[in-house]
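Student: So that you have it, the file is protein_24.pdb, and it contains PDB, C-alpha atoms:
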ATOM      1  CA  MET A 289      16.890   9.293   1.898
ATOM      2  CA  PRO A 290      13.863  11.294   3.055
ATOM      3  CA  GLY A 291      15.693  12.617   6.102
ATOM      4  CA  ASP A 292      18.327  14.259   3.893
ATOM      5  CA  GLY A 293      16.067  17.273   3.394
ATOM      6  CA  GLY A 294      15.999  20.362   5.580
ATOM      7  CA  GLY A 295      12.305  20.459   6.456
ATOM      8  CA  ALA A 296      10.233  19.731   9.556
ATOM      9  CA  TYR A 297      10.942  15.989   9.489
ATOM     10  CA  LYS A 298      14.610  16.715  10.163
ATOM     11  CA  THR A 299      14.386  19.871  12.267
ATOM     12  CA  HIS A 300      11.227  19.077  14.287
ATOM     13  CA  GLN A 301      10.341  22.740  13.863
ATOM     14  CA  TYR A 302       6.909  23.583  12.466
ATOM     15  CA  ARG A 303       6.282  27.136  11.303
ATOM     16  CA  ASP A 304       3.291  28.881  12.771
ATOM     17  CA  LEU A 305       2.270  31.251   9.981
ATOM     18  CA  PHE A 306      -0.470  32.765  12.125
ATOM     19  CA  ALA A 307       2.012  33.559  14.933
ATOM     20  CA  GLU A 308       4.288  35.210  12.373
ATOM     21  CA  LEU A 309       1.413  37.630  11.723
ATOM     22  CA  GLY A 310       0.893  38.294  15.423
ATOM     23  CA  HIS A 311      -1.848  35.796  16.310
ATOM     24  CA  PRO A 312      -0.976  33.898  19.526
ATOM     25  CA  PRO A 313      -0.688  30.070  19.326
ATOM     26  CA  ALA A 314      -3.322  29.657  22.039
ATOM     27  CA  GLU A 315      -5.799  31.603  19.920
ATOM     28  CA  SER A 316      -5.021  29.400  16.914
ATOM     29  CA  ARG A 317      -5.600  26.253  18.944
ATOM     30  CA  ALA A 318      -8.901  27.630  20.229
ATOM     31  CA  ARG A 319     -10.059  28.435  16.691
ATOM     32  CA  ILE A 320      -9.081  24.975  15.458
ATOM     33  CA  GLU A 321     -10.957  23.288  18.309
ATOM     34  CA  GLN A 322     -13.994  25.469  17.618
ATOM     35  CA  ALA A 323     -13.899  24.483  13.937
ATOM     36  CA  PHE A 324     -13.558  20.798  14.876
ATOM     37  CA  GLN A 325     -16.558  20.937  17.186
ATOM     38  CA  ARG A 326     -18.586  22.680  14.495
ATOM     39  CA  LEU A 327     -17.703  20.267  11.674
ATOM     40  CA  PHE A 328     -17.770  17.083  13.765
ATOM     41  CA  HIS A 329     -20.412  17.773  16.431
ATOM     42  CA  GLY A 330     -22.337  20.858  15.337
ATOM     43  CA  ASP A 331     -25.836  21.217  13.946
ATOM     44  CA  GLY A 332     -26.673  18.203  11.778
ATOM     45  CA  GLN A 333     -28.425  20.219   9.103
ATOM     46  CA  GLU A 334     -26.042  23.124   8.589
ATOM     47  CA  GLU A 335     -22.659  22.393  10.205
ATOM     48  CA  ARG A 336     -21.788  18.773  10.890
ATOM     49  CA  LEU A 337     -20.021  16.368   8.486
ATOM     50  CA  TYR A 338     -19.407  13.573  11.015
ATOM     51  CA  PHE A 339     -22.316  11.269  11.843
ATOM     52  CA  GLU A 340     -22.227   8.314  14.235
ATOM     53  CA  THR A 341     -24.441   5.392  13.184
ATOM     54  CA  GLY A 342     -24.516   2.978  16.095
ATOM     55  CA  GLY A 343     -21.840   0.328  16.439
ATOM     56  CA  ASN A 344     -20.717  -3.232  15.809
ATOM     57  CA  ALA A 345     -18.381  -5.703  17.484
ATOM     58  CA  ASN A 346     -15.465  -3.316  16.873
ATOM     59  CA  GLY A 347     -17.152  -0.355  18.571
ATOM     60  CA  PRO A 348     -18.783   2.887  17.358
ATOM     61  CA  LEU A 349     -19.310   3.514  13.634
ATOM     62  CA  ALA A 350     -19.201   6.947  11.981
ATOM     63  CA  TYR A 351     -18.908   8.392   8.500
ATOM     64  CA  ILE A 352     -17.912  11.738   7.015
ATOM     65  CA  THR A 353     -20.422  12.776   4.368
ATOM     66  CA  ASP A 354     -20.267  14.924   1.282
ATOM     67  CA  TRP A 355     -23.418  16.763   2.290
ATOM     68  CA  ALA A 356     -24.201  18.036  -1.209
ATOM     69  CA  ASN A 357     -24.103  14.517  -2.704
ATOM     70  CA  ASN A 358     -25.219  12.497   0.342
ATOM     71  CA  ASP A 359     -22.418   9.953   0.178
ATOM     72  CA  ALA A 360     -19.277   8.956   2.073
ATOM     73  CA  ARG A 361     -16.002   9.128   0.181
ATOM     74  CA  THR A 362     -12.587   7.747   0.983
ATOM     75  CA  GLU A 363     -10.935  11.136   0.761
ATOM     76  CA  GLY A 364     -13.322  12.623   3.312
ATOM     77  CA  MET A 365     -13.082   9.582   5.589
ATOM     78  CA  SER A 366      -9.297   9.656   5.497
ATOM     79  CA  TYR A 367      -9.164  13.447   5.908
ATOM     80  CA  GLY A 368     -11.378  13.011   8.965
ATOM     81  CA  MET A 369      -9.008  10.408  10.381
ATOM     82  CA  MET A 370      -5.989  12.623   9.773
ATOM     83  CA  ILE A 371      -7.685  15.567  11.480
ATOM     84  CA  ALA A 372      -8.671  13.332  14.407
ATOM     85  CA  VAL A 373      -5.182  11.941  14.974
ATOM     86  CA  GLN A 374      -3.588  15.389  14.644
ATOM     87  CA  MET A 375      -6.009  16.673  17.309
ATOM     88  CA  ASP A 376      -5.819  13.584  19.573
ATOM     89  CA  LYS A 377      -9.490  12.651  19.007
ATOM     90  CA  LYS A 378      -9.280   8.857  19.314
ATOM     91  CA  ARG A 379     -13.010   8.100  19.517
ATOM     92  CA  GLU A 380     -13.767   9.874  16.255
ATOM     93  CA  PHE A 381     -10.715   8.327  14.572
ATOM     94  CA  ASP A 382     -11.674   4.786  15.558
ATOM     95  CA  ALA A 383     -15.328   5.242  14.607
ATOM     96  CA  ILE A 384     -14.454   6.489  11.110
ATOM     97  CA  TRP A 385     -11.891   3.723  10.596
ATOM     98  CA  ASN A 386     -14.417   1.120  11.757
ATOM     99  CA  TRP A 387     -17.028   2.385   9.235
ATOM    100  CA  ALA A 388     -14.451   2.386   6.438
ATOM    101  CA  ASN A 389     -13.468  -1.206   7.193
ATOM    102  CA  SER A 390     -17.056  -2.344   7.615
ATOM    103  CA  TYR A 391     -18.455  -0.863   4.401
ATOM    104  CA  MET A 392     -15.716   0.446   2.102
ATOM    105  CA  LEU A 393     -13.040  -2.267   2.188
ATOM    106  CA  ILE A 394     -12.933  -4.214  -1.093
ATOM    107  CA  THR A 395     -12.689  -7.947  -0.367
ATOM    108  CA  ASP A 396     -13.651  -9.476  -3.744
ATOM    109  CA  PRO A 397     -10.474 -11.199  -5.028
ATOM    110  CA  GLN A 398     -11.668 -10.628  -8.601
ATOM    111  CA  ASN A 399     -11.705  -6.865  -8.119
ATOM    112  CA  PRO A 400      -8.427  -5.201  -9.211
ATOM    113  CA  SER A 401      -8.757  -2.915  -6.166
ATOM    114  CA  VAL A 402      -8.989  -5.759  -3.626
ATOM    115  CA  GLY A 403      -7.439  -4.710  -0.333
ATOM    116  CA  TYR A 404      -8.216  -1.058  -0.986
ATOM    117  CA  PHE A 405     -11.414   0.914  -0.405
ATOM    118  CA  ALA A 406     -14.405   1.782  -2.627
ATOM    119  CA  TRP A 407     -14.155   5.525  -3.066
ATOM    120  CA  SER A 408     -17.893   6.342  -2.811
ATOM    121  CA  MET A 409     -20.602   4.740  -0.664
ATOM    122  CA  ASN A 410     -24.156   5.626   0.249
ATOM    123  CA  THR A 411     -24.422   6.626   3.885
ATOM    124  CA  ASP A 412     -26.314   3.385   4.629
ATOM    125  CA  GLY A 413     -23.189   1.450   3.605
ATOM    126  CA  SER A 414     -24.363   0.333   0.160
ATOM    127  CA  PRO A 415     -21.897   0.914  -2.698
ATOM    128  CA  ARG A 416     -21.894   3.667  -5.261
ATOM    129  CA  ALA A 417     -18.491   2.662  -6.613
ATOM    130  CA  THR A 418     -16.418  -0.519  -6.669
ATOM    131  CA  GLY A 419     -12.973   0.950  -7.269
ATOM    132  CA  ALA A 420     -10.453   2.944  -5.250
ATOM    133  CA  ALA A 421      -9.177   6.521  -5.462
ATOM    134  CA  PRO A 422      -5.526   6.991  -4.451
ATOM    135  CA  ASP A 423      -5.754  10.031  -2.205
ATOM    136  CA  GLY A 424      -7.999   8.136   0.219
ATOM    137  CA  GLU A 425      -5.548   5.270   0.574
ATOM    138  CA  GLU A 426      -2.597   7.621   1.012
ATOM    139  CA  TYR A 427      -4.261   9.509   3.858
ATOM    140  CA  PHE A 428      -5.540   6.271   5.434
ATOM    141  CA  VAL A 429      -1.985   4.911   5.577
ATOM    142  CA  MET A 430      -0.364   8.031   6.990
ATOM    143  CA  ALA A 431      -3.156   8.569   9.525
ATOM    144  CA  LEU A 432      -2.880   4.961  10.693
ATOM    145  CA  TYR A 433       0.896   5.210  11.174
ATOM    146  CA  PHE A 434       0.416   8.412  13.152
ATOM    147  CA  ALA A 435      -2.279   6.718  15.249
ATOM    148  CA  ALA A 436       0.106   3.865  16.047
ATOM    149  CA  HIS A 437       2.686   6.388  17.189
ATOM    150  CA  ARG A 438       0.257   8.548  19.168
ATOM    151  CA  TRP A 439      -1.911   5.917  20.862
ATOM    152  CA  GLY A 440      -0.080   2.628  20.392
ATOM    153  CA  ASN A 441      -1.467  -0.420  18.611
ATOM    154  CA  GLY A 442      -4.535  -2.334  19.737
ATOM    155  CA  SER A 443      -5.950  -5.542  18.310
ATOM    156  CA  GLY A 444      -7.797  -6.365  15.116
ATOM    157  CA  ILE A 445      -8.518  -3.313  12.987
ATOM    158  CA  TYR A 446      -7.051  -1.125  15.742
ATOM    159  CA  ASN A 447      -3.584  -2.574  15.227
ATOM    160  CA  TYR A 448      -3.001   0.613  13.311
ATOM    161  CA  GLN A 449       0.488  -0.152  12.051
ATOM    162  CA  ALA A 450      -0.442  -3.599  10.752
ATOM    163  CA  GLU A 451      -3.449  -2.131   8.973
ATOM    164  CA  ALA A 452      -1.298   0.604   7.393
ATOM    165  CA  ASP A 453       1.278  -1.962   6.309
ATOM    166  CA  LYS A 454      -1.453  -3.968   4.573
ATOM    167  CA  ILE A 455      -2.681  -0.983   2.596
ATOM    168  CA  LEU A 456       0.715   0.436   1.803
ATOM    169  CA  ARG A 457       2.026  -2.374  -0.362
ATOM    170  CA  GLY A 458       3.801  -0.627  -3.205
ATOM    171  CA  MET A 459       2.596   2.872  -2.391
ATOM    172  CA  ARG A 460       5.205   5.550  -1.896
ATOM    173  CA  HIS A 461       4.671   8.983  -0.369
ATOM    174  CA  TYR A 462       6.566  12.102   0.764
ATOM    175  CA  SER A 463       5.932  14.790   3.337
ATOM    176  CA  TRP A 464       7.880  17.596   5.205
ATOM    177  CA  TRP A 465      11.283  17.079   3.530
ATOM    178  CA  ARG A 466      11.847  20.352   1.662
ATOM    179  CA  LYS A 467      13.755  18.562  -1.059
ATOM    180  CA  ASP A 468      12.033  19.711  -4.245
ATOM    181  CA  THR A 469      13.014  23.234  -5.291
ATOM    182  CA  ARG A 470       9.987  23.380  -7.599
ATOM    183  CA  GLU A 471       7.713  23.685  -4.555
ATOM    184  CA  THR A 472       8.633  27.347  -4.058
ATOM    185  CA  ALA A 473       8.232  28.349  -7.700
ATOM    186  CA  LEU A 474       4.914  26.531  -8.105
ATOM    187  CA  SER A 475       3.525  27.900  -4.833
ATOM    188  CA  ASP A 476       4.491  31.447  -5.814
ATOM    189  CA  ARG A 477       2.919  31.017  -9.250
ATOM    190  CA  ILE A 478      -0.395  29.751  -7.864
ATOM    191  CA  GLN A 479      -0.600  32.453  -5.212
ATOM    192  CA  GLN A 480       0.289  35.242  -7.618
ATOM    193  CA  PHE A 481      -2.334  34.149 -10.129
ATOM    194  CA  LEU A 482      -5.158  33.828  -7.589
ATOM    195  CA  TYR A 483      -4.157  37.055  -5.828
ATOM    196  CA  GLY A 484      -4.397  38.823  -9.167
ATOM    197  CA  GLN A 485      -7.933  37.470  -9.562
ATOM    198  CA  GLY A 486      -8.926  38.960  -6.187
ATOM    199  CA  ILE A 487      -7.994  37.253  -2.947
ATOM    200  CA  GLY A 488     -11.564  37.373  -1.643
ATOM    201  CA  THR A 489     -13.344  36.668  -4.920
ATOM    202  CA  PHE A 490     -11.278  34.358  -7.156
ATOM    203  CA  ALA A 491     -13.242  31.572  -8.849
ATOM    204  CA  ASP A 492     -12.940  27.895  -7.963
ATOM    205  CA  ARG A 493     -12.343  26.811 -11.601
ATOM    206  CA  TYR A 494     -10.336  28.242 -14.505
ATOM    207  CA  THR A 495      -9.402  27.284 -18.042
ATOM    208  CA  LEU A 496      -5.744  26.583 -18.778
ATOM    209  CA  GLU A 497      -5.652  30.093 -20.254
ATOM    210  CA  GLY A 498      -6.740  31.557 -16.903
ATOM    211  CA  LYS A 499     -10.363  32.390 -17.703
ATOM    212  CA  PRO A 500     -12.859  31.722 -14.870
ATOM    213  CA  LEU A 501     -15.353  28.906 -15.358
ATOM    214  CA  SER A 502     -17.516  29.730 -12.345
ATOM    215  CA  ALA A 503     -18.466  32.593 -10.060
ATOM    216  CA  ARG A 504     -18.048  30.568  -6.857
ATOM    217  CA  HIS A 505     -15.299  31.494  -4.386
ATOM    218  CA  SER A 506     -14.165  28.373  -2.522
ATOM    219  CA  THR A 507     -13.111  28.492   1.134
ATOM    220  CA  GLY A 508     -11.264  25.195   0.636
ATOM    221  CA  MET A 509      -9.290  26.596  -2.284
ATOM    222  CA  LEU A 510      -8.434  29.720  -0.299
ATOM    223  CA  ALA A 511      -7.343  27.594   2.655
ATOM    224  CA  THR A 512      -5.056  25.288   0.676
ATOM    225  CA  THR A 513      -3.556  28.276  -1.141
ATOM    226  CA  ALA A 514      -2.708  29.736   2.266
ATOM    227  CA  VAL A 515      -0.888  26.480   3.123
ATOM    228  CA  ALA A 516       1.281  27.119   0.057
ATOM    229  CA  SER A 517       2.798  30.004   2.040
ATOM    230  CA  LEU A 518       4.843  27.361   3.892
ATOM    231  CA  ALA A 519       6.697  26.686   0.639
ATOM    232  CA  ALA A 520       6.395  30.076  -1.071
ATOM    233  CA  ILE A 521       9.293  32.494  -1.150
ATOM    234  CA  GLY A 522       7.448  34.780   1.252
ATOM    235  CA  GLY A 523       6.421  38.399   1.042
ATOM    236  CA  PRO A 524       3.153  40.347   1.055
ATOM    237  CA  ILE A 525       1.146  37.952  -1.140
ATOM    238  CA  ALA A 526       2.009  34.878   0.944
ATOM    239  CA  LYS A 527       1.165  36.816   4.127
ATOM    240  CA  ALA A 528      -2.090  38.057   2.609
ATOM    241  CA  PHE A 529      -3.328  34.498   2.025
ATOM    242  CA  VAL A 530      -2.508  33.490   5.604
ATOM    243  CA  GLU A 531      -4.332  36.534   6.971
ATOM    244  CA  GLU A 532      -7.294  35.895   4.665
ATOM    245  CA  LEU A 533      -7.565  32.340   6.012
ATOM    246  CA  TRP A 534      -7.335  33.658   9.581
ATOM    247  CA  ASN A 535     -10.221  36.027   8.923
ATOM    248  CA  THR A 536     -12.390  33.350   7.257
ATOM    249  CA  PRO A 537     -14.883  31.445   9.473
ATOM    250  CA  ALA A 538     -15.340  27.675   9.354
ATOM    251  CA  PRO A 539     -17.680  26.780   6.472
ATOM    252  CA  SER A 540     -21.303  25.782   6.933
ATOM    253  CA  GLY A 541     -24.188  24.916   4.650
ATOM    254  CA  GLU A 542     -24.336  22.684   1.577
ATOM    255  CA  GLN A 543     -20.696  23.093   0.482
ATOM    256  CA  ARG A 544     -19.181  22.398   3.904
ATOM    257  CA  TYR A 545     -17.746  18.983   2.962
ATOM    258  CA  TYR A 546     -14.704  19.808   0.816
ATOM    259  CA  ASP A 547     -14.489  23.371   2.077
ATOM    260  CA  GLY A 548     -14.762  22.298   5.724
ATOM    261  CA  MET A 549     -12.268  19.431   5.598
ATOM    262  CA  LEU A 550      -9.716  21.490   3.686
ATOM    263  CA  TYR A 551     -10.296  24.496   5.945
ATOM    264  CA  LEU A 552      -9.651  22.500   9.118
ATOM    265  CA  MET A 553      -6.559  20.730   7.777
ATOM    266  CA  SER A 554      -5.230  24.033   6.441
ATOM    267  CA  MET A 555      -5.731  25.710   9.821
ATOM    268  CA  LEU A 556      -3.694  22.897  11.371
ATOM    269  CA  HIS A 557      -0.964  23.278   8.733
ATOM    270  CA  CYS A 558      -0.712  27.064   8.935
ATOM    271  CA  SER A 559      -0.584  27.073  12.737
ATOM    272  CA  GLY A 560       2.202  24.479  12.872
ATOM    273  CA  ASN A 561      -0.145  21.933  14.428
ATOM    274  CA  PHE A 562      -0.241  19.457  11.508
ATOM    275  CA  ARG A 563       2.754  17.337  12.443
ATOM    276  CA  ILE A 564       4.644  14.102  11.891
ATOM    277  CA  ILE A 565       3.732  11.912  14.833
ATOM    278  CA  GLU A 566       6.857   9.828  15.350
ATOM    279  CA  PRO A 567       7.283   6.612  17.354
ATOM    280  CA  ARG A 568       7.619   7.094  21.101
TER     281      ARG A 568
END
Taking this structure as input, can you express it in the form of structure tokens?

Tutor:
Amino acid sequence: MPGDGGGAYKTHQYRDLFAELGHPPAESRARIEQAFQRLFHGDGQEERLYFETGGNANGPLAYITDWANNDARTEGMSYGMMIAVQMDKKREFDAIWNWANSYMLITDPQNPSVGYFAWSMNTDGSPRATGAAPDGEEYFVMALYFAAHRWGNGSGIYNYQAEADKILRGMRHYSWWRKDTRETALSDRIQQFLYGQGIGTFADRYTLEGKPLSARHSTGMLATTAVASLAAIGGPIAKAFVEELWNTPAPSGEQRYYDGMLYLMSMLHCSGNFRIIEPR
């Protein structure tokens, strides 16, 4: 059973990696809120990913855009919902979920992905794709269950638990159980490799032999590697990635979509503020 593990689901204790390095929890929360305001409500040309687009009978509509490609994708929409529920931002959560249901939900019974969500849409709601991508559905489901637990269920598409149940079907997922011993070894291996490439300069793509395929250093990749410190064995390399994330500002500019979403979720994880929201 999932609860047989020894992780946060069982203990209700969430490590604050920033506090372990001497950064007060209040300062972490302030930085996370600042990053949220920048990525959700900042300058529309250089900072913001979240855009409200009027409303319909269900209320406000909003999408998260991949700025570089000018589309809305299920992973970004569901990441946005997860960030919103973790930070108790109900308006933004509901607006994103409303847009996803209004434009991304696949209703054609002849489509093998019926009941799921088209992974890429133009920002005007017209389709770029007709099939689903699994990470979007997984985050939609978990975010909706957390919303039901945090805010309670409403009606229609805001009956969060019923909507999650519909999507879930045969999907299975894990989080926070500390049951797989491979997590530590794999986290150590990834961190050691990237640290050896230069913690502030490592490339965002490599061959299987470890040769760089680009010169770009990705804030999102740095941020998620810092999250691996929760599973890593610990020591100076794990601490170095956490400190590097702490010293890295929220992304802006053309690449702020993936980098920004992963940065904000990673800040929540590393500060112990990305949590299982259980039933009241």

Student: Restricting the calculation to only C-alpha atoms: of A:Met370, A:Ala388, A:Ala491, A:Ile352, which residue gets closest to Leu432 in chain A?

Tutor: A:Met370

Student: Range 406-416 of chain A: which residues within 12 Å, counting only C-alpha atoms, same-chain residues fewer than 5 positions away excluded, as a PyMOL selection string?

Tutor: chain A and resi 337-342+349-355+357-366+386-396+399-401+421-425

Student: How far is it from CA of Leu305 in chain A to CA of Cys558 in chain A, in Å with one decimal?

Tutor: 5.2 Å

Student: So, counting all atoms listed in the file, which residue among A:Phe490, A:Leu482, A:Ala314, A:His437 is closest to Gln374 in chain A?

Tutor: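 Of A:Phe490, A:Leu482, A:Ala314, A:His437, the one nearest Gln374 in chain A is A:His437, counting all atoms listed in the file.
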
Student: Kindly provide, as lines of an AutoDock Vina configuration file, the centre and edge lengths (Å, one decimal) of an axis-aligned box around all atoms of range 485-492 of chain A given in the file, with 5 Å on each side.

Tutor:
center_x = -10.6
center_y = 33.4
center_z = -5.6
size_x = 15.4
size_y = 21.1
size_z = 17.9

Student: For the atom pair CA of Ala356 in chain A and CA of Ser316 in chain A, what is the interatomic distance in Å to one decimal place?

Tutor: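 Pair CA of Ala356 in chain A / CA of Ser316 in chain A returns 28.7 Å.
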
Student: Work out how far CA of Ile320 in chain A is from CA of Glu542 in chain A, in Å to one decimal.

Tutor: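 These atoms are spaced 20.8 Å apart.
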
Student: Could you check which of A:Leu496, A:Ala526, A:Ala435, A:Ala450 is closest to Gln480 in chain A, using only C-alpha atoms?

Tutor: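 Nearest candidate to Gln480 in chain A out of A:Leu496, A:Ala526, A:Ala435, A:Ala450: A:Ala526.
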
Student: Find, counting only C-alpha atoms, the residue in A:Leu501, A:Met549, A:Ala473, A:Ala431 that gets nearest to Ala516 in chain A.

Tutor: A:Ala473

Student: List every protein, DNA or RNA residue that has at least one atom no more than 7 Å from (-8.2, 1.6, 14.2) in the file's coordinates, counting all atoms listed in the file, and write the result as a PyMOL selection string.

Tutor: chain A and resi 382+385-386+445-448

Student: Which residues are near Ala520 in chain A? Cut-off 7 Å, only C-alpha atoms, ignore same chain within fewer than 5 positions. Put them as a PyMOL selection string.

Tutor: chain A and resi 472+475-476+526

Student: So which residues get picked by the PyMOL selection byres ((chain A and resi 504) around 8) here, written as a ChimeraX atom specification?

Tutor: /A:489-492,502-503,505-506

Student: Written as a list in words, which residues does the PyMOL selection byres ((chain A and resi 371) around 9) give for the file shown?

Tutor: Phe324, Ser366, Tyr367, Gly368, Met369, Met370, Ala372, Val373, Gln374, Met375, Asp376, Lys377, Phe381, Ala431, Met549, Leu552, Met553, Leu556 and Phe562 of chain A

Student: Which is closest to Thr299 in chain A among A:His557, A:Arg568, A:Arg379, A:Arg466, if we use all atoms listed in the file?

Tutor: A:Arg466

Student: I need the residue nearest Gly330 in chain A from this list: A:Ser540, A:Gln479, A:Ser554, A:Thr512. Use all atoms listed in the file for the distance.

Tutor: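 Among A:Ser540, A:Gln479, A:Ser554, A:Thr512, it is A:Ser540 that comes nearest to Gly330 in chain A.
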
Student: Spell out the residues picked by the PyMOL selection byres ((chain A and resi 429) around 8) here, as a PyMOL selection string.

Tutor: chain A and resi 425-428+430-433+451-453+455-456

Student: Show me, as number ranges by chain, the residues that have an atom within 12 Å of Ala307 in chain A when counting all atoms listed in the file, minus same-chain residues fewer than 4 positions from it.

Tutor: A: 302-303, 311-317, 527, 530-531, 534, 558-561

Student: As a CSV table (one decimal) with C-alpha atoms, keeping the file's coordinate frame, please: the residues near Asp468 in chain A (cut-off 12 Å, all atoms listed in the file, same-chain neighbours under 5 positions excluded).

Tutor:
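The file below, part_34.csv, is the result:
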chain,number,residue,atom,x,y,z
A,290,PRO,CA,13.9,11.3,3.1
A,292,ASP,CA,18.3,14.3,3.9
A,293,GLY,CA,16.1,17.3,3.4
A,294,GLY,CA,16.0,20.4,5.6
A,295,GLY,CA,12.3,20.5,6.5
A,462,TYR,CA,6.6,12.1,0.8
A,463,SER,CA,5.9,14.8,3.3
A,473,ALA,CA,8.2,28.3,-7.7
A,474,LEU,CA,4.9,26.5,-8.1
A,475,SER,CA,3.5,27.9,-4.8
A,519,ALA,CA,6.7,26.7,0.6
